[in-house]
Amino acid sequence: MKTDPHTLQRRRLATRTAFFALFVLAPPLDILRLDLNLGHFILFGHDWTLGIDGFIAGRDSTAGMLVNLVVRGFLPLALIAGGLLYTAWRWGRLYCGWLCPHFSVVETINGLMLRASGKPSIWERKPLPELRADGRRLRPNRRWWIPTALAILFFSFLWALTLLTYLLPPAEVYANLLHGEPTRNQFLFLTAATSVFVIEFTLARHLFCRFGCAVGVFQSLAWMANPRAMVVGFDTTRARACQACNNACDNACPMRLKPRGLKRGMFSCTQCGQCLSACAGVQRPHRRAPLLTWVDGERALSFSEPPVARPTSARRPA
Ligand code: SF4
Ligand code: SF4
């Protein structure tokens, strides 16, 4: 796959932005939500029940109820989970890197913290080099802590509010909020969820992507099970070129991984391609091909097993 540094990341920004908008707007547009008042899902404006009401009321037989459960409950879930796992098995955590609304926040806050402190996370030991892969210099400025804190607050509240609209009628939630009159339970939910997200987005956003998110972990397990799956590959025959580089690929990774390492150390790789774009940016002025590219099939096998050169020191991820 071509790894033009700008095109790849622009495409990803477009898919992430579109999915984030869908995530926020799905409940108010009645695309998908669970209405706790009604006790069932709303899907594309239609009621989506498990179809067991008739059985409870004595109208349907047991067989009819079981068919309804399979068709309306098990089958859609199995199709969604199967599609996600198959995609991950072949191409890795594409959902995380290209769509997930949580990962979008992770990357946004990483970028702001980088501007404020030179570190993409408060757990990073040392500031990253000021020289970026695209040749620009990024000098940390403490004033960026203000937009960083505001962004954490904004995204935390937005996430809390959005989750609430997945559970209660969005028109009611938004109207109550606009009039400054949320119900007691709505207020408690918004306060508690916003507080949890502030802590998570500030301190543990990578940790959540690695171990806290079931969607992410199951994708990683499916990906790991396939040694021929698409993976970031490193051209070891040109490893010497890395000596003239400040580890731009490592510095660019939002998950704080070592993209030149073995696949087993890349369990939480989101296939965001930031490392590929960074290497392409470094090599572009020299008119050389990047050393990092996505590989799959037989070519991916050598990155699932040693030996692969790791020319630079490792940093502990956040
Ligand atoms: S290793 Fe590369 S593709 Fe994977 S998460 Fe890090 S930057 Fe993204
Ligand atoms: S793989 Fe590319 S970006 Fe990474 S250290 Fe080597 S030259 Fe730099």
# chains A, B, ... in the order shown; residues from 1 in each chain; ligands from 1

$ select_by_dssp --residues "stretch 9-199 of chain A" --states "strand (DSSP E)" --output "PyMOL selection string"
chain A and resi 32-35+40-43+46-48

$ write_last_selection --atoms "N, CA and C atoms" --output "compact mmCIF listing (two decimals), in the first residue's frame"
# COMPACT_ATOMS: atom_id res chain seq x y z
N LEU A 32 -29.38 4.60 15.95
CA LEU A 32 -29.22 3.49 16.90
C LEU A 32 -29.22 4.03 18.32
N ARG A 33 -30.05 3.48 19.15
CA ARG A 33 -30.02 3.76 20.59
C ARG A 33 -30.85 2.72 21.32
N LEU A 34 -30.52 2.60 22.62
CA LEU A 34 -31.31 1.72 23.48
C LEU A 34 -32.16 2.64 24.35
N ASP A 35 -33.48 2.56 24.20
CA ASP A 35 -34.35 3.43 24.98
C ASP A 35 -34.78 2.68 26.24
N HIS A 40 -36.39 -1.22 24.77
CA HIS A 40 -35.85 -1.88 23.57
C HIS A 40 -35.03 -0.91 22.75
N PHE A 41 -34.37 -1.45 21.69
CA PHE A 41 -33.53 -0.63 20.82
C PHE A 41 -34.40 0.12 19.81
N ILE A 42 -33.86 1.25 19.35
CA ILE A 42 -34.41 1.95 18.19
C ILE A 42 -33.35 1.84 17.10
N LEU A 43 -33.72 1.30 15.96
CA LEU A 43 -32.77 1.11 14.87
C LEU A 43 -33.34 1.74 13.61
N HIS A 46 -36.94 2.62 13.72
CA HIS A 46 -37.91 1.55 14.00
C HIS A 46 -37.60 0.88 15.33
N ASP A 47 -38.66 0.39 15.98
CA ASP A 47 -38.46 -0.37 17.22
C ASP A 47 -37.75 -1.68 16.90
N TRP A 48 -36.76 -2.01 17.69
CA TRP A 48 -36.06 -3.29 17.50
C TRP A 48 -36.15 -4.07 18.80

$ select_by_dssp --residues "stretch 70-232 of chain A" --states "helix (DSSP H, G or I)" --output "PyMOL selection string"
chain A and resi 70-91+94-98+101-117+142-167+170-178+184-203+205-212+214-224

$ residues_near_ligand --ligand "ligand 2" --cutoff "8 Å" --atoms "only C-alpha atoms and all ligand atoms" --output "PDB file with C-alpha atoms, in the first residue's frame"
ATOM      1  CA  ALA A 133       9.369  13.711  10.735  1.00  0.00           C
ATOM      2  CA  PHE A 234      10.604  -3.043   8.564  1.00  0.00           C
ATOM      3  CA  ASP A 235      13.202  -3.265   5.788  1.00  0.00           C
ATOM      4  CA  ALA A 239      18.417  -0.558   8.917  1.00  0.00           C
ATOM      5  CA  ALA A 241      19.530   4.433   7.425  1.00  0.00           C
ATOM      6  CA  CYS A 242      17.905   4.670  10.849  1.00  0.00           C
ATOM      7  CA  GLN A 243      21.174   5.942  12.297  1.00  0.00           C
ATOM      8  CA  ALA A 244      20.546   9.287  10.612  1.00  0.00           C
ATOM      9  CA  CYS A 245      17.018   9.474  12.030  1.00  0.00           C
ATOM     10  CA  ASN A 246      15.796  10.439  15.498  1.00  0.00           C
ATOM     11  CA  ASN A 247      13.466   7.412  15.782  1.00  0.00           C
ATOM     12  CA  ALA A 248      10.690   9.338  14.060  1.00  0.00           C
ATOM     13  CA  CYS A 249       8.523   6.216  13.755  1.00  0.00           C
ATOM     14  CA  ASP A 250       8.713   5.462  17.500  1.00  0.00           C
ATOM     15  CA  PRO A 259       7.059  -0.145  15.005  1.00  0.00           C
ATOM     16  CA  ARG A 260      10.362  -1.770  13.971  1.00  0.00           C
ATOM     17  CA  CYS A 275       4.849   5.306  11.859  1.00  0.00           C
ATOM     18  CA  LEU A 276       4.669   4.655   8.105  1.00  0.00           C
ATOM     19  CA  ALA A 278       6.719   9.405   9.707  1.00  0.00           C
ATOM     20  CA  CYS A 279       9.256   7.204   7.931  1.00  0.00           C
ATOM     21  CA  ALA A 280       7.974   8.309   4.518  1.00  0.00           C
ATOM     22  CA  GLY A 281       8.394  11.930   5.676  1.00  0.00           C
ATOM     23  CA  VAL A 282      11.963  11.251   6.827  1.00  0.00           C
ATOM     24  CA  GLN A 283      12.956   9.519   3.594  1.00  0.00           C
ATOM     25  CA  PRO A 290      10.320   4.396   3.493  1.00  0.00           C
ATOM     26  CA  LEU A 291      11.784   1.559   5.528  1.00  0.00           C
ATOM     27  CA  LEU A 292       8.395   0.841   7.070  1.00  0.00           C
ATOM     28  CA  THR A 312      17.469   1.619  18.722  1.00  0.00           C
TER      29      THR A 312
END

$ residues_near_ligand --ligand "ligand 1" --cutoff "9 Å" --atoms "only C-alpha atoms and all ligand atoms" --output "JSON, numbers by chain"
{"A": [93, 97, 231, 232, 249, 250, 251, 252, 253, 254, 255, 256, 257, 258, 259, 260, 261, 266, 267, 268, 269, 270, 271, 272, 273, 274, 275, 276, 277, 278, 292, 294]}

$ residues_around --residues "A:Leu221" --least-positions-apart "4" --cutoff "12 Å" --atoms "only C-alpha atoms" --output "ChimeraX atom specification"
/A:84-86,88-90,92-93,210-211,214-217,225-227,229,263-264,266-269

$ write_last_selection --atoms "C-alpha atoms" --output "tab-separated table (two decimals), in the first residue's frame"
chain	number	residue	atom	x	y	z
A	84	LEU	CA	-15.14	-7.16	13.11
A	85	LEU	CA	-13.09	-10.22	14.07
A	86	TYR	CA	-12.55	-11.29	10.46
A	88	ALA	CA	-8.98	-7.85	12.53
A	89	TRP	CA	-7.79	-11.35	11.65
A	90	ARG	CA	-6.74	-10.16	8.19
A	92	GLY	CA	-5.47	-5.88	12.41
A	93	ARG	CA	-7.23	-3.28	14.53
A	210	ARG	CA	-4.57	-1.85	25.49
A	211	PHE	CA	-6.38	-3.73	28.21
A	214	ALA	CA	-12.99	-5.56	24.96
A	215	VAL	CA	-13.50	-4.54	21.32
A	216	GLY	CA	-9.78	-3.74	21.06
A	217	VAL	CA	-8.50	-6.78	22.95
A	225	ALA	CA	-3.78	-15.60	15.69
A	226	ASN	CA	-2.97	-14.97	12.02
A	227	PRO	CA	0.77	-14.72	11.30
A	229	ALA	CA	-2.19	-10.75	8.71
A	263	LYS	CA	4.62	-8.38	15.97
A	264	ARG	CA	4.38	-9.91	19.42
A	266	MET	CA	2.76	-4.76	18.79
A	267	PHE	CA	-0.29	-6.35	20.40
A	268	SER	CA	-2.14	-3.04	20.57
A	269	CYS	CA	-1.13	-1.69	17.14

$ residues_around --residues "A:Ala171" --least-positions-apart "4" --cutoff "10 Å" --atoms "only C-alpha atoms" --output "CSV table (one decimal) with N, CA and C atoms, in the first residue's frame"
chain,number,residue,atom,x,y,z
A,27,PRO,N,-27.8,8.6,18.2
A,27,PRO,CA,-29.1,8.6,19.0
A,27,PRO,C,-30.1,9.7,18.6
A,28,PRO,N,-29.6,11.0,18.5
A,28,PRO,CA,-30.7,12.0,18.2
A,28,PRO,C,-31.3,11.8,16.8
A,29,LEU,N,-30.6,11.2,15.9
A,29,LEU,CA,-31.1,10.9,14.6
A,29,LEU,C,-31.9,9.5,14.5
A,165,THR,N,-27.4,9.7,25.9
A,165,THR,CA,-28.4,9.7,24.9
A,165,THR,C,-28.6,8.3,24.2
A,175,ALA,N,-33.0,18.7,25.7
A,175,ALA,CA,-33.9,19.8,26.1
A,175,ALA,C,-33.7,20.1,27.6
A,176,ASN,N,-33.5,19.1,28.5
A,176,ASN,CA,-33.3,19.3,29.9
A,176,ASN,C,-32.0,20.1,30.1
A,177,LEU,N,-31.0,19.7,29.3
A,177,LEU,CA,-29.7,20.3,29.4
A,177,LEU,C,-29.7,21.8,28.9

$ closest_atom_pairs --of "stretch 104-140 of chain A" --to "stretch 190-205 of chain A" --cutoff "9 Å" --atoms "only C-alpha atoms" --output "CSV"
residue,atom,partner,partner_atom,distance
A:Val105,CA,A:Phe201,CA,7.8
A:Val106,CA,A:Arg205,CA,6.2
A:Ile109,CA,A:Phe201,CA,7.7
A:Ser121,CA,A:Leu203,CA,7.9
A:Ile122,CA,A:Leu203,CA,7.3
A:Trp123,CA,A:Leu203,CA,8.1

$ atom_distance --atom1 "atom CA of A:Lys119" --atom2 "atom CA of A:Arg142"
11.6 Å

$ atom_distance --atom1 "atom CA of A:Leu158" --atom2 "atom CA of A:Gln9"
24.4 Å

$ atom_distance --atom1 "atom CA of A:Gly265" --atom2 "atom CA of A:Glu305"
11.0 Å

$ closest_residue --among "A:Glu172, A:Leu167, A:Arg115, A:Glu181" --to "A:Trp145" --atoms "only C-alpha atoms"
A:Arg115

$ decode --residues "stretch 151-201 of chain A" --atoms "N, CA and C atoms" --output "short mmCIF file (atom, residue, chain, number, x, y, z; two decimals), in the first residue's frame"
data_model
loop_
_atom_site.label_atom_id
_atom_site.label_comp_id
_atom_site.auth_asym_id
_atom_site.auth_seq_id
_atom_site.Cartn_x
_atom_site.Cartn_y
_atom_site.Cartn_z
N ALA A 151 -9.73 20.61 26.27
CA ALA A 151 -10.09 19.49 25.37
C ALA A 151 -10.47 18.25 26.18
N ILE A 152 -9.72 17.98 27.24
CA ILE A 152 -10.03 16.81 28.08
C ILE A 152 -11.43 16.98 28.69
N LEU A 153 -11.71 18.19 29.19
CA LEU A 153 -13.03 18.44 29.79
C LEU A 153 -14.13 18.32 28.74
N PHE A 154 -13.88 18.93 27.56
CA PHE A 154 -14.89 18.91 26.49
C PHE A 154 -15.20 17.48 26.05
N PHE A 155 -14.16 16.72 25.75
CA PHE A 155 -14.39 15.36 25.26
C PHE A 155 -14.99 14.47 26.35
N SER A 156 -14.60 14.71 27.60
CA SER A 156 -15.16 13.90 28.69
C SER A 156 -16.66 14.15 28.81
N PHE A 157 -17.03 15.42 28.77
CA PHE A 157 -18.46 15.74 28.88
C PHE A 157 -19.23 15.24 27.65
N LEU A 158 -18.61 15.43 26.48
CA LEU A 158 -19.29 14.99 25.25
C LEU A 158 -19.51 13.47 25.26
N TRP A 159 -18.50 12.75 25.71
CA TRP A 159 -18.64 11.29 25.80
C TRP A 159 -19.74 10.90 26.79
N ALA A 160 -19.74 11.58 27.94
CA ALA A 160 -20.76 11.27 28.96
C ALA A 160 -22.16 11.57 28.42
N LEU A 161 -22.29 12.73 27.79
CA LEU A 161 -23.59 13.14 27.27
C LEU A 161 -24.05 12.18 26.16
N THR A 162 -23.12 11.82 25.29
CA THR A 162 -23.47 10.92 24.19
C THR A 162 -23.91 9.56 24.73
N LEU A 163 -23.18 9.05 25.71
CA LEU A 163 -23.57 7.75 26.28
C LEU A 163 -24.97 7.83 26.90
N LEU A 164 -25.26 8.96 27.53
CA LEU A 164 -26.59 9.11 28.14
C LEU A 164 -27.69 9.09 27.08
N THR A 165 -27.39 9.70 25.91
CA THR A 165 -28.42 9.72 24.86
C THR A 165 -28.58 8.34 24.20
N TYR A 166 -27.60 7.44 24.43
CA TYR A 166 -27.78 6.07 23.93
C TYR A 166 -28.75 5.29 24.83
N LEU A 167 -29.01 5.86 26.04
CA LEU A 167 -29.84 5.13 27.01
C LEU A 167 -31.21 5.77 27.25
N LEU A 168 -31.26 7.10 27.12
CA LEU A 168 -32.52 7.81 27.37
C LEU A 168 -32.88 8.62 26.13
N PRO A 169 -34.15 8.98 25.94
CA PRO A 169 -34.54 9.73 24.73
C PRO A 169 -33.70 11.00 24.57
N PRO A 170 -32.95 11.10 23.46
CA PRO A 170 -32.04 12.24 23.28
C PRO A 170 -32.76 13.59 23.33
N ALA A 171 -33.98 13.66 22.78
CA ALA A 171 -34.70 14.95 22.78
C ALA A 171 -34.89 15.43 24.22
N GLU A 172 -35.25 14.50 25.11
CA GLU A 172 -35.46 14.86 26.52
C GLU A 172 -34.14 15.29 27.18
N VAL A 173 -33.07 14.51 26.91
CA VAL A 173 -31.78 14.81 27.54
C VAL A 173 -31.28 16.19 27.09
N TYR A 174 -31.31 16.44 25.76
CA TYR A 174 -30.79 17.72 25.26
C TYR A 174 -31.67 18.89 25.72
N ALA A 175 -33.00 18.70 25.72
CA ALA A 175 -33.90 19.78 26.15
C ALA A 175 -33.66 20.11 27.62
N ASN A 176 -33.54 19.10 28.45
CA ASN A 176 -33.27 19.33 29.88
C ASN A 176 -31.97 20.10 30.06
N LEU A 177 -30.98 19.70 29.28
CA LEU A 177 -29.66 20.34 29.41
C LEU A 177 -29.71 21.79 28.94
N LEU A 178 -30.40 22.04 27.83
CA LEU A 178 -30.50 23.41 27.30
C LEU A 178 -31.19 24.34 28.29
N HIS A 179 -32.17 23.80 29.02
CA HIS A 179 -32.89 24.60 30.00
C HIS A 179 -32.20 24.59 31.37
N GLY A 180 -31.05 23.91 31.44
CA GLY A 180 -30.33 23.82 32.71
C GLY A 180 -31.10 23.05 33.75
N GLU A 181 -31.94 22.10 33.31
CA GLU A 181 -32.76 21.36 34.27
C GLU A 181 -32.69 19.85 34.05
N PRO A 182 -31.48 19.27 34.08
CA PRO A 182 -31.41 17.81 33.97
C PRO A 182 -32.06 17.18 35.20
N THR A 183 -32.63 16.02 35.04
CA THR A 183 -33.19 15.33 36.21
C THR A 183 -32.05 14.95 37.14
N ARG A 184 -32.40 14.57 38.36
CA ARG A 184 -31.36 14.24 39.34
C ARG A 184 -30.48 13.10 38.80
N ASN A 185 -31.12 12.06 38.27
CA ASN A 185 -30.34 10.92 37.77
C ASN A 185 -29.48 11.31 36.57
N GLN A 186 -30.04 12.17 35.68
CA GLN A 186 -29.23 12.61 34.54
C GLN A 186 -28.02 13.40 35.02
N PHE A 187 -28.24 14.28 36.00
CA PHE A 187 -27.14 15.08 36.54
C PHE A 187 -26.08 14.18 37.16
N LEU A 188 -26.51 13.19 37.94
CA LEU A 188 -25.56 12.29 38.58
C LEU A 188 -24.77 11.51 37.54
N PHE A 189 -25.47 11.02 36.51
CA PHE A 189 -24.80 10.25 35.46
C PHE A 189 -23.76 11.12 34.76
N LEU A 190 -24.17 12.35 34.37
CA LEU A 190 -23.26 13.23 33.64
C LEU A 190 -22.04 13.59 34.48
N THR A 191 -22.27 13.86 35.76
CA THR A 191 -21.16 14.24 36.64
C THR A 191 -20.20 13.07 36.84
N ALA A 192 -20.76 11.91 37.14
CA ALA A 192 -19.91 10.75 37.41
C ALA A 192 -19.16 10.33 36.15
N ALA A 193 -19.88 10.24 35.02
CA ALA A 193 -19.22 9.77 33.79
C ALA A 193 -18.17 10.77 33.31
N THR A 194 -18.48 12.08 33.41
CA THR A 194 -17.49 13.08 33.00
C THR A 194 -16.24 12.97 33.86
N SER A 195 -16.41 12.77 35.17
CA SER A 195 -15.26 12.66 36.07
C SER A 195 -14.40 11.45 35.70
N VAL A 196 -15.06 10.33 35.45
CA VAL A 196 -14.31 9.12 35.09
C VAL A 196 -13.55 9.35 33.78
N PHE A 197 -14.20 9.97 32.80
CA PHE A 197 -13.53 10.20 31.52
C PHE A 197 -12.37 11.20 31.67
N VAL A 198 -12.52 12.20 32.53
CA VAL A 198 -11.41 13.15 32.75
C VAL A 198 -10.18 12.38 33.25
N ILE A 199 -10.40 11.48 34.21
CA ILE A 199 -9.28 10.70 34.74
C ILE A 199 -8.70 9.79 33.66
N GLU A 200 -9.60 9.15 32.93
CA GLU A 200 -9.14 8.20 31.91
C GLU A 200 -8.41 8.91 30.77
N PHE A 201 -8.97 9.99 30.26
CA PHE A 201 -8.33 10.71 29.15
C PHE A 201 -7.03 11.36 29.57
#
